[in-house]
$ cat entry-v4.cif   # mmCIF, C-alpha atoms
data_structure
loop_
_atom_site.label_atom_id
_atom_site.label_comp_id
_atom_site.auth_asym_id
_atom_site.auth_seq_id
_atom_site.Cartn_x
_atom_site.Cartn_y
_atom_site.Cartn_z
CA MET A 13 35.91 -28.64 69.39
CA GLY A 14 38.35 -29.00 66.53
CA LEU A 15 35.75 -30.94 64.54
CA LEU A 16 33.19 -28.15 64.94
CA VAL A 17 35.68 -25.56 63.73
CA PHE A 18 36.50 -27.75 60.72
CA VAL A 19 32.84 -28.22 59.86
CA ARG A 20 32.18 -24.45 60.23
CA ASN A 21 35.08 -23.55 57.93
CA LEU A 22 33.95 -26.17 55.42
CA LEU A 23 30.44 -24.74 55.35
CA LEU A 24 31.80 -21.20 54.96
CA ALA A 25 34.01 -22.32 52.09
CA LEU A 26 31.08 -24.13 50.47
CA CYS A 27 28.87 -21.05 50.80
CA LEU A 28 31.59 -18.87 49.31
CA PHE A 29 31.98 -21.34 46.44
CA LEU A 30 28.23 -21.31 45.78
CA VAL A 31 28.11 -17.50 45.83
CA LEU A 32 31.04 -17.23 43.43
CA GLY A 33 29.51 -19.92 41.23
CA PHE A 34 26.19 -18.07 41.13
CA LEU A 35 27.87 -14.79 40.25
CA TYR A 36 29.89 -16.46 37.49
CA TYR A 37 26.79 -18.16 36.08
CA SER A 38 24.83 -14.89 36.17
CA ALA A 39 27.60 -13.03 34.36
CA TRP A 40 27.82 -15.77 31.73
CA LYS A 41 24.03 -15.81 31.24
CA LEU A 42 23.91 -12.04 30.95
CA HIS A 43 26.64 -12.13 28.33
CA LEU A 44 24.75 -14.83 26.44
CA LEU A 45 21.53 -12.84 26.49
CA GLN A 46 23.37 -9.74 25.28
CA TRP A 47 24.88 -11.72 22.44
CA GLU A 48 21.51 -13.18 21.46
CA ASP A 49 19.96 -9.71 21.55
CA SER A 50 22.80 -8.32 19.47
CA THR A 51 22.46 -11.15 16.99
CA GLN A 52 18.70 -10.61 16.76
CA GLN A 53 19.23 -6.88 16.23
CA ARG A 54 21.71 -7.56 13.44
CA HIS A 55 19.30 -10.05 11.89
CA THR A 56 16.42 -7.58 12.10
CA PHE A 57 18.58 -4.78 10.70
CA TRP A 58 19.68 -6.74 7.66
CA THR A 59 16.21 -8.16 7.10
CA LYS A 60 14.86 -4.61 7.00
CA GLN A 61 17.65 -3.55 4.67
CA LEU A 62 16.85 -6.41 2.34
CA GLU A 63 13.15 -5.61 2.50
CA GLY A 64 13.86 -1.98 1.67
CA VAL A 65 16.57 -2.32 -0.94
CA ALA A 66 17.34 -5.80 -2.14
CA PHE A 67 13.78 -6.52 -3.18
CA CYS A 68 13.61 -3.51 -5.45
CA PRO A 69 16.61 -3.79 -7.75
CA GLU A 70 17.30 -1.36 -10.52
CA ASP A 71 17.04 -2.64 -14.08
CA GLY A 72 19.83 -5.09 -14.68
CA ASP A 73 20.50 -5.76 -11.01
CA SER A 74 20.24 -9.27 -9.62
CA LEU A 75 18.90 -10.37 -6.24
CA LEU A 76 21.20 -12.69 -4.33
CA LEU A 77 18.64 -14.05 -1.90
CA SER A 78 14.98 -13.85 -0.92
CA LEU A 79 13.58 -13.94 2.59
CA ASP A 80 10.13 -14.94 3.79
CA SER A 81 8.25 -13.02 6.48
CA ALA A 82 10.25 -14.81 9.18
CA GLY A 83 13.57 -13.92 7.61
CA GLN A 84 14.20 -17.45 6.29
CA THR A 85 15.96 -17.82 2.97
CA LEU A 86 13.67 -18.91 0.15
CA GLY A 87 14.76 -21.49 -2.38
CA THR A 88 15.36 -21.35 -6.10
CA GLU A 89 11.66 -21.98 -6.78
CA TYR A 90 11.06 -18.29 -6.06
CA ASP A 91 11.83 -15.33 -8.30
CA ARG A 92 13.99 -12.30 -7.38
CA LEU A 93 11.10 -10.64 -5.55
CA GLY A 94 10.07 -13.72 -3.62
CA PHE A 95 7.11 -14.87 -5.76
CA LEU A 96 6.68 -18.56 -6.48
CA LEU A 97 7.90 -19.25 -10.00
CA LYS A 98 5.32 -21.95 -10.71
CA LEU A 99 1.98 -20.23 -10.28
CA ASP A 100 -0.22 -23.31 -10.48
CA SER A 101 -3.89 -22.65 -11.13
CA LYS A 102 -4.81 -25.38 -8.62
CA LEU A 103 -5.45 -24.50 -5.00
CA PRO A 104 -2.72 -25.62 -2.57
CA ALA A 105 -3.85 -28.78 -0.78
CA GLU A 106 -4.41 -27.16 2.60
CA LEU A 107 -6.45 -24.32 1.05
CA ALA A 108 -8.45 -26.70 -1.13
CA THR A 109 -9.47 -28.54 2.04
CA LYS A 110 -10.24 -25.32 3.91
CA TYR A 111 -12.54 -23.93 1.21
CA ALA A 112 -13.93 -27.23 -0.10
CA ASN A 113 -17.35 -26.88 1.54
CA PHE A 114 -18.08 -23.33 0.39
CA SER A 115 -20.92 -23.09 -2.10
CA GLU A 116 -20.50 -21.36 -5.45
CA GLY A 117 -20.45 -17.60 -5.01
CA ALA A 118 -20.17 -17.69 -1.21
CA CYS A 119 -17.59 -15.34 0.30
CA LYS A 120 -14.53 -17.24 1.54
CA PRO A 121 -13.02 -15.64 4.67
CA GLY A 122 -9.29 -14.95 4.40
CA TYR A 123 -9.08 -16.32 0.86
CA ALA A 124 -7.11 -13.50 -0.81
CA SER A 125 -4.46 -13.25 1.89
CA ALA A 126 -4.13 -17.05 2.13
CA MET A 127 -3.61 -17.36 -1.61
CA MET A 128 -1.21 -14.42 -1.61
CA THR A 129 0.88 -15.98 1.16
CA ALA A 130 0.94 -19.28 -0.74
CA ILE A 131 2.68 -17.68 -3.72
CA PHE A 132 4.49 -14.92 -1.80
CA PRO A 133 5.61 -16.05 1.69
CA ARG A 134 6.79 -12.53 2.58
CA PHE A 135 3.20 -11.27 2.61
CA SER A 136 2.01 -10.09 6.03
CA LYS A 137 -1.66 -9.19 6.27
CA PRO A 138 -1.92 -6.75 9.22
CA ALA A 139 -1.97 -3.19 7.86
CA PRO A 140 -4.81 -0.69 8.40
CA MET A 141 -6.42 0.73 5.27
CA PHE A 142 -6.32 4.32 6.52
CA LEU A 143 -4.18 6.44 8.78
CA ASP A 144 -5.47 6.85 12.33
CA ASP A 145 -4.26 8.89 15.29
CA SER A 146 -1.48 6.37 15.97
CA PHE A 147 0.12 6.97 12.56
CA ARG A 148 3.40 8.23 14.04
CA LYS A 149 4.04 4.83 15.62
CA TRP A 150 4.20 3.10 12.25
CA ALA A 151 7.93 2.54 11.69
CA ARG A 152 7.37 1.35 8.13
CA ILE A 153 6.14 4.76 6.97
CA ARG A 154 7.75 7.11 9.48
CA GLU A 155 11.18 7.14 7.81
CA PHE A 156 9.97 7.79 4.26
CA VAL A 157 8.77 11.04 2.69
CA PRO A 158 5.68 10.98 0.44
CA PRO A 159 4.60 9.05 -1.48
CA PHE A 160 6.16 6.13 0.44
CA GLY A 161 5.68 7.49 3.95
CA ILE A 162 4.63 10.41 6.14
CA LYS A 163 7.97 11.91 7.15
CA GLY A 164 7.60 15.68 7.58
CA GLN A 165 3.78 15.52 7.42
CA ASP A 166 3.02 14.93 11.10
CA ASN A 167 1.41 18.29 11.84
CA LEU A 168 -0.71 18.33 8.69
CA ILE A 169 -1.96 14.78 9.19
CA LYS A 170 -2.66 15.40 12.87
CA ALA A 171 -4.67 18.50 11.98
CA ILE A 172 -6.68 16.58 9.37
CA LEU A 173 -7.41 13.58 11.61
CA SER A 174 -8.46 15.85 14.48
CA VAL A 175 -11.39 16.94 12.32
CA THR A 176 -12.25 13.78 10.36
CA LYS A 177 -12.18 11.58 13.51
CA GLU A 178 -13.00 8.44 11.47
CA TYR A 179 -10.30 5.96 10.52
CA ARG A 180 -12.09 2.82 9.33
CA LEU A 181 -14.81 1.82 6.88
CA THR A 182 -18.47 2.18 7.80
CA PRO A 183 -19.81 0.26 10.84
CA ALA A 184 -21.88 -1.95 8.51
CA LEU A 185 -18.84 -2.94 6.43
CA ASP A 186 -16.63 -3.40 9.48
CA SER A 187 -19.15 -5.82 10.94
CA LEU A 188 -19.15 -8.13 7.92
CA HIS A 189 -17.76 -11.59 8.58
CA CYS A 190 -16.42 -11.72 5.02
CA ARG A 191 -15.81 -8.83 2.59
CA ARG A 192 -15.78 -9.13 -1.18
CA CYS A 193 -14.05 -6.16 -2.83
CA ILE A 194 -13.64 -5.04 -6.42
CA ILE A 195 -11.36 -2.33 -7.78
CA VAL A 196 -12.84 -0.75 -10.88
CA GLY A 197 -10.12 0.56 -13.14
CA ASN A 198 -10.64 3.20 -15.81
CA GLY A 199 -9.51 1.13 -18.79
CA GLY A 200 -11.27 1.12 -22.14
CA VAL A 201 -11.52 -2.65 -21.79
CA LEU A 202 -14.63 -2.04 -19.65
CA ALA A 203 -16.61 -0.60 -22.54
CA ASN A 204 -19.46 -2.78 -23.83
CA LYS A 205 -18.80 -5.58 -21.32
CA SER A 206 -22.11 -5.10 -19.44
CA LEU A 207 -20.44 -5.85 -16.10
CA GLY A 208 -22.37 -3.26 -14.13
CA SER A 209 -24.64 -5.62 -12.20
CA ARG A 210 -21.76 -7.97 -11.34
CA ILE A 211 -19.68 -5.05 -10.07
CA ASP A 212 -22.54 -3.81 -7.88
CA ASP A 213 -22.84 -7.26 -6.26
CA TYR A 214 -19.56 -6.73 -4.37
CA ASP A 215 -19.61 -5.49 -0.78
CA ILE A 216 -16.97 -2.84 -1.44
CA VAL A 217 -16.63 -1.11 -4.81
CA ILE A 218 -13.44 0.94 -5.14
CA ARG A 219 -13.15 3.54 -7.90
CA LEU A 220 -10.16 5.64 -8.89
CA ASN A 221 -9.74 9.36 -9.52
CA SER A 222 -12.45 11.08 -11.53
CA ALA A 223 -13.74 8.09 -13.51
CA PRO A 224 -17.47 8.82 -13.96
CA VAL A 225 -20.34 6.50 -13.12
CA LYS A 226 -23.38 8.37 -14.37
CA GLY A 227 -24.15 7.39 -17.94
CA PHE A 228 -21.92 4.31 -17.80
CA GLU A 229 -23.83 2.20 -15.26
CA ARG A 230 -24.43 -0.67 -17.67
CA ASP A 231 -20.69 -1.31 -17.96
CA VAL A 232 -19.25 -0.03 -14.67
CA GLY A 233 -22.12 -0.29 -12.18
CA SER A 234 -23.63 2.42 -10.01
CA LYS A 235 -22.26 1.59 -6.57
CA THR A 236 -19.23 3.33 -5.08
CA THR A 237 -17.88 2.59 -1.61
CA LEU A 238 -14.46 4.25 -1.82
CA ARG A 239 -13.10 6.72 -4.33
CA ILE A 240 -9.32 6.91 -4.06
CA THR A 241 -7.61 9.89 -5.63
CA TYR A 242 -5.04 12.66 -5.33
CA PRO A 243 -5.65 16.40 -5.89
CA GLU A 244 -5.02 16.45 -9.65
CA GLY A 245 -7.19 13.37 -10.14
CA ALA A 246 -10.14 14.45 -7.99
CA MET A 247 -13.46 15.38 -9.55
CA GLN A 248 -13.67 19.14 -9.92
CA ARG A 249 -17.47 19.41 -10.13
CA PRO A 250 -19.16 18.71 -6.77
CA GLU A 251 -22.26 17.22 -8.42
CA GLN A 252 -20.17 14.35 -9.79
CA TYR A 253 -19.48 12.87 -6.34
CA GLU A 254 -21.52 9.87 -5.20
CA ARG A 255 -23.59 10.56 -2.10
CA ASP A 256 -22.77 7.43 -0.08
CA SER A 257 -19.06 6.99 -0.84
CA LEU A 258 -15.94 7.72 1.17
CA PHE A 259 -13.33 10.10 -0.22
CA VAL A 260 -9.82 8.67 0.21
CA LEU A 261 -6.67 10.71 -0.40
CA ALA A 262 -3.59 8.96 -1.75
CA GLY A 263 -0.84 11.42 -0.86
CA PHE A 264 1.93 11.35 -3.45
CA LYS A 265 3.63 14.57 -2.38
CA TRP A 266 3.62 16.96 0.56
CA GLN A 267 1.35 19.45 -1.20
CA ASP A 268 -1.38 16.79 -1.36
CA PHE A 269 -1.73 16.74 2.42
CA LYS A 270 -1.78 20.53 2.51
CA TRP A 271 -4.55 20.51 -0.10
CA LEU A 272 -6.57 18.01 1.93
CA LYS A 273 -6.31 20.18 5.02
CA TYR A 274 -7.93 23.05 3.13
CA ILE A 275 -10.66 20.68 1.92
CA VAL A 276 -11.37 19.22 5.38
CA TYR A 277 -11.46 22.62 7.08
CA LYS A 278 -13.61 23.97 4.21
CA GLU A 279 -11.17 26.78 3.62
CA ARG A 280 -10.37 28.52 0.35
CA VAL A 281 -7.97 26.37 -1.66
CA PRO A 282 -5.13 28.66 -2.87
CA PHE A 283 -4.15 26.26 -5.65
CA PRO A 284 -5.04 26.60 -9.34
CA SER A 285 -8.56 25.42 -10.19
CA LYS A 286 -9.83 24.59 -13.63
CA ALA A 287 -11.92 27.75 -13.71
CA LYS A 288 -9.07 30.04 -12.70
CA CYS A 289 -6.22 28.42 -14.58
CA ARG A 290 -6.69 28.63 -18.34
CA GLN A 291 -2.99 28.13 -18.93
CA CYS A 292 -2.53 25.08 -16.65
CA GLN A 293 -0.77 22.51 -18.77
CA VAL A 294 1.25 19.42 -18.04
CA GLY A 295 4.85 20.57 -18.07
CA SER A 296 7.89 18.45 -18.69
CA GLU A 297 8.45 15.54 -16.33
CA GLN A 298 11.66 17.17 -15.15
CA GLU A 299 9.77 20.34 -14.18
CA ARG A 300 7.18 18.30 -12.32
CA ARG A 301 9.85 16.51 -10.34
CA GLN A 302 11.57 19.77 -9.43
CA LYS A 303 8.32 21.29 -8.22
CA SER A 304 7.32 18.37 -6.01
CA GLY A 305 9.74 19.02 -3.14
CA PRO A 306 9.38 21.18 -0.04
CA ASP A 307 11.33 24.02 -1.66
CA ALA A 308 8.48 24.91 -4.01
CA GLN A 309 8.34 28.67 -4.56
CA SER A 310 4.59 29.23 -4.38
CA ALA A 311 1.41 27.58 -3.15
CA SER A 312 0.53 26.31 -6.61
CA ASP A 313 3.90 24.71 -7.32
CA GLY A 314 3.98 20.95 -7.22
CA PHE A 315 0.65 20.40 -8.99
CA TRP A 316 0.91 19.44 -12.61
CA LYS A 317 -2.69 20.41 -13.45
CA SER A 318 -5.63 22.21 -11.87
CA VAL A 319 -7.09 20.75 -8.69
CA ALA A 320 -10.54 20.63 -7.10
CA THR A 321 -11.33 23.51 -4.74
CA ARG A 322 -14.20 21.73 -3.03
CA VAL A 323 -15.10 18.15 -2.20
CA PRO A 324 -18.76 17.77 -1.15
CA LYS A 325 -18.00 15.43 1.73
CA GLU A 326 -18.25 16.01 5.44
CA PRO A 327 -15.01 15.43 7.41
CA PRO A 328 -16.13 12.01 8.77
CA GLU A 329 -16.48 10.83 5.15
CA ILE A 330 -12.82 11.58 4.35
CA ARG A 331 -9.89 9.21 4.86
CA ILE A 332 -6.13 9.17 4.24
CA LEU A 333 -4.84 6.04 2.53
CA ASN A 334 -2.07 4.31 4.45
CA PRO A 335 1.06 5.14 2.37
CA TYR A 336 2.47 1.75 3.32
CA PHE A 337 0.47 0.35 0.39
CA ILE A 338 2.25 2.67 -2.04
CA GLN A 339 5.58 1.60 -0.57
CA GLU A 340 4.72 -2.11 -0.59
CA ALA A 341 3.31 -2.04 -4.11
CA ALA A 342 6.36 -0.21 -5.49
CA PHE A 343 9.28 -1.94 -3.82
CA THR A 344 8.06 -5.28 -2.47
CA LEU A 345 5.49 -6.48 -4.99
CA ILE A 346 6.37 -4.81 -8.31
CA GLY A 347 10.11 -4.34 -7.75
CA LEU A 348 10.47 -0.72 -8.87
CA PRO A 349 13.74 1.19 -8.31
CA PHE A 350 14.19 2.14 -4.65
CA ASN A 351 15.94 5.48 -5.37
CA ASN A 352 16.80 5.96 -1.67
CA GLY A 353 13.11 5.98 -0.83
CA LEU A 354 12.40 9.07 -2.92
CA MET A 355 10.08 9.63 -5.85
CA GLY A 356 12.09 9.04 -8.99
CA ARG A 357 11.91 7.95 -12.57
CA GLY A 358 9.74 4.87 -13.02
CA ASN A 359 9.26 4.06 -9.34
CA ILE A 360 5.70 5.24 -8.68
CA PRO A 361 3.01 2.52 -8.88
CA THR A 362 -0.29 3.38 -10.52
CA LEU A 363 -3.24 3.99 -8.24
CA GLY A 364 -4.77 0.76 -9.52
CA SER A 365 -1.91 -1.39 -8.24
CA VAL A 366 -1.91 0.52 -4.95
CA ALA A 367 -5.65 -0.16 -4.54
CA VAL A 368 -5.13 -3.86 -5.26
CA THR A 369 -2.38 -3.97 -2.63
CA MET A 370 -4.68 -2.30 -0.11
CA ALA A 371 -7.48 -4.76 -0.90
CA LEU A 372 -5.21 -7.78 -0.37
CA HIS A 373 -4.77 -6.57 3.21
CA GLY A 374 -8.32 -5.44 3.93
CA CYS A 375 -10.60 -7.77 1.97
CA ASP A 376 -11.35 -11.49 2.00
CA GLU A 377 -11.88 -11.77 -1.74
CA VAL A 378 -10.51 -9.37 -4.35
CA ALA A 379 -11.58 -8.77 -7.94
CA VAL A 380 -10.69 -6.17 -10.56
CA ALA A 381 -12.37 -4.83 -13.69
CA GLY A 382 -11.14 -2.30 -16.21
CA PHE A 383 -7.46 -3.17 -15.74
CA GLY A 384 -4.94 -3.75 -18.48
CA TYR A 385 -3.24 -1.73 -21.20
CA ASP A 386 -2.68 -3.43 -24.53
CA MET A 387 0.18 -1.49 -26.10
CA ASN A 388 -0.17 -3.55 -29.28
CA THR A 389 -3.44 -1.74 -30.03
CA PRO A 390 -2.43 1.95 -29.99
CA ASN A 391 -5.77 3.08 -31.41
CA ALA A 392 -7.88 1.36 -28.74
CA PRO A 393 -9.56 3.67 -26.21
CA LEU A 394 -7.40 4.29 -23.15
CA HIS A 395 -10.37 4.92 -20.84
CA TYR A 396 -13.99 3.77 -21.02
CA TYR A 397 -15.31 7.35 -20.74
CA GLU A 398 -13.27 9.29 -23.32
CA THR A 399 -11.71 9.09 -26.78
CA VAL A 400 -8.02 9.31 -25.77
CA ARG A 401 -6.13 6.44 -27.40
CA MET A 402 -3.78 3.85 -25.94
CA ALA A 403 -0.81 5.47 -27.66
CA ALA A 404 -1.05 8.35 -25.17
CA ILE A 405 0.66 6.33 -22.43
CA LYS A 406 3.64 5.25 -24.50
CA GLU A 407 5.90 7.52 -22.48
CA SER A 408 5.59 7.61 -18.69
CA TRP A 409 8.17 9.19 -16.42
CA THR A 410 6.58 7.95 -13.21
CA HIS A 411 5.17 4.49 -13.94
CA ASN A 412 6.54 1.19 -15.23
CA ILE A 413 3.51 -0.31 -16.95
CA GLN A 414 5.30 -3.51 -17.98
CA ARG A 415 6.40 -4.41 -14.46
CA GLU A 416 2.95 -3.66 -13.08
CA LYS A 417 1.43 -5.92 -15.70
CA GLU A 418 3.78 -8.72 -14.65
CA PHE A 419 2.74 -8.27 -11.01
CA LEU A 420 -0.99 -8.30 -11.77
CA ARG A 421 -0.67 -11.29 -14.07
CA LYS A 422 0.93 -13.25 -11.24
CA LEU A 423 -2.06 -12.53 -9.04
CA VAL A 424 -4.56 -13.51 -11.73
CA LYS A 425 -2.71 -16.66 -12.74
CA ALA A 426 -2.44 -17.82 -9.13
CA ARG A 427 -6.12 -17.00 -8.52
CA VAL A 428 -5.30 -14.48 -5.82
CA ILE A 429 -7.57 -12.00 -7.60
CA THR A 430 -10.28 -12.35 -10.26
CA ASP A 431 -10.21 -10.26 -13.44
CA LEU A 432 -13.80 -9.72 -14.54
CA SER A 433 -12.95 -7.87 -17.76
CA SER A 434 -10.06 -10.17 -18.77
CA GLY A 435 -7.77 -7.25 -19.57
CA ILE A 436 -4.73 -8.34 -17.54
#
$ encode --input "entry-v4.cif" --output "structure tokens"
Amino acid sequence: MGLLVFVRNLLLALCLFLVLGFLYYSAWKLHLLQWEDSTQQRHTFWTKQLEGVAFCPEDGDSLLLSLDSAGQTLGTEYDRLGFLLKLDSKLPAELATKYANFSEGACKPGYASAMMTAIFPRFSKPAPMFLDDSFRKWARIREFVPPFGIKGQDNLIKAILSVTKEYRLTPALDSLHCRRCIIVGNGGVLANKSLGSRIDDYDIVIRLNSAPVKGFERDVGSKTTLRITYPEGAMQRPEQYERDSLFVLAGFKWQDFKWLKYIVYKERVPFPSKAKCRQCQVGSEQERRQKSGPDAQSASDGFWKSVATRVPKEPPEIRILNPYFIQEAAFTLIGLPFNNGLMGRGNIPTLGSVAVTMALHGCDEVAVAGFGYDMNTPNAPLHYYETVRMAAIKESWTHNIQREKEFLRKLVKARVITDLSSGI
């Protein structure tokens, strides 16, 4: 009897020990998981801070470290932005093997993004070209006001998308196994190059603002897939628009989205048009900056020149460019001043660089034509379609032409993009 009692007490003690041990282990494991989660949160927080601030230093600032897309520290072979310092013209070994069997002129799937990642490990391809009805879930643009995000524009964008109802390219282009894209700039370097037929050979031809096609087909081609613009840059005569192209708004300020809503709903645009605004002139840069905020005093404030009152496109032919590309071009790729995420002096990328950034995400091969400003030739034509001279862009409050040129030259030198007109 005594032995049975002893055995029973021993088993009870053992069970109690196991229960206490399990509880202790569970508490320790929970603490460990909480610590790991806290550590990961701190890592993610600082990675985001570095992505938002440290990679876009002001002039004279220095970058202490660079991180790749996984948050790993890059070595001294990378510059302050995270680009490889030695931009060898040879293909990396693994890419040379991957694309070795492609015939001359054949489209190489994933080529642009693979080459970009090879020289810039922070590059991450997934990013939709245009805003869709899930735009509010995009953390990267939700916390920034235009032009770097959509903060404060939710209702306007929702109203626009409820009518356009299309968020991608055309079904034919979306079905392509490999897409070759070209961004046609407006530079005078395009004149007399006879690149029209080569430009038209690309699957997607992207044009900017109001650069005309008719009458210049020999040099710039006749095909237009996307025309990216903002209100002041949009064509003001409806007959100038190409029939089969998509109209894409690049929203640089809150008024731009309001303007697009009028256009999409085919309502009267209460902003100054060329016909009704004889006195519309470009004011001082300081005045433009003051008028671009939400405290503008009238409907026309915020526009620095007359805007189109009609775009001859049906709602399904209209898109909103993902502002992430403006943000990425400015702060991540070019290294313009962050300015607390607000539009400021010298921190707005040109539409050309924004379009290139978009194409790196959405196209398999990327080319440009009509890019490049040669400031050493002040009397050269600034644009291929007019007589304005290069000297006209000597002063620019919004852009940093030199830094953009450095960015584009990296891409050309590393064979990420092809420059048909050799202007970069």
$ residues_around --input "entry-v4.cif" --residues "stretch 381-398 of chain A" --least-positions-apart "2" --cutoff "10 Å" --atoms "all atoms listed in the file" --output "ChimeraX atom specification"
/A:194-205,207,211,223-225,227-228,231-232,364-365,379,400-406,413-414,416-417,420-421,430-436
$ residues_around --input "entry-v4.cif" --residues "A:Ile240" --least-positions-apart "3" --cutoff "10 Å" --atoms "all atoms listed in the file" --output "list in words"
Ile218, Arg219, Leu220, Asn221, Ser222, Thr237, Gly245, Ala246, Leu258, Phe259, Val260, Leu261, Ala262, Arg331, Ile332, Leu333, Leu363, Gly364, Val366 and Ala367 of chain A
$ atom_distance --input "entry-v4.cif" --atom1 "atom CA of A:Phe147" --atom2 "atom CA of A:Leu238"
20.7 Å
$ atom_distance --input "entry-v4.cif" --atom1 "atom CA of A:Pro361" --atom2 "atom CA of A:His411"
5.8 Å
$ residues_around --input "entry-v4.cif" --residues "A:Lys110" --least-positions-apart "6" --cutoff "10 Å" --atoms "only C-alpha atoms" --output "list in words"
Pro104, Lys120 and Tyr123 of chain A
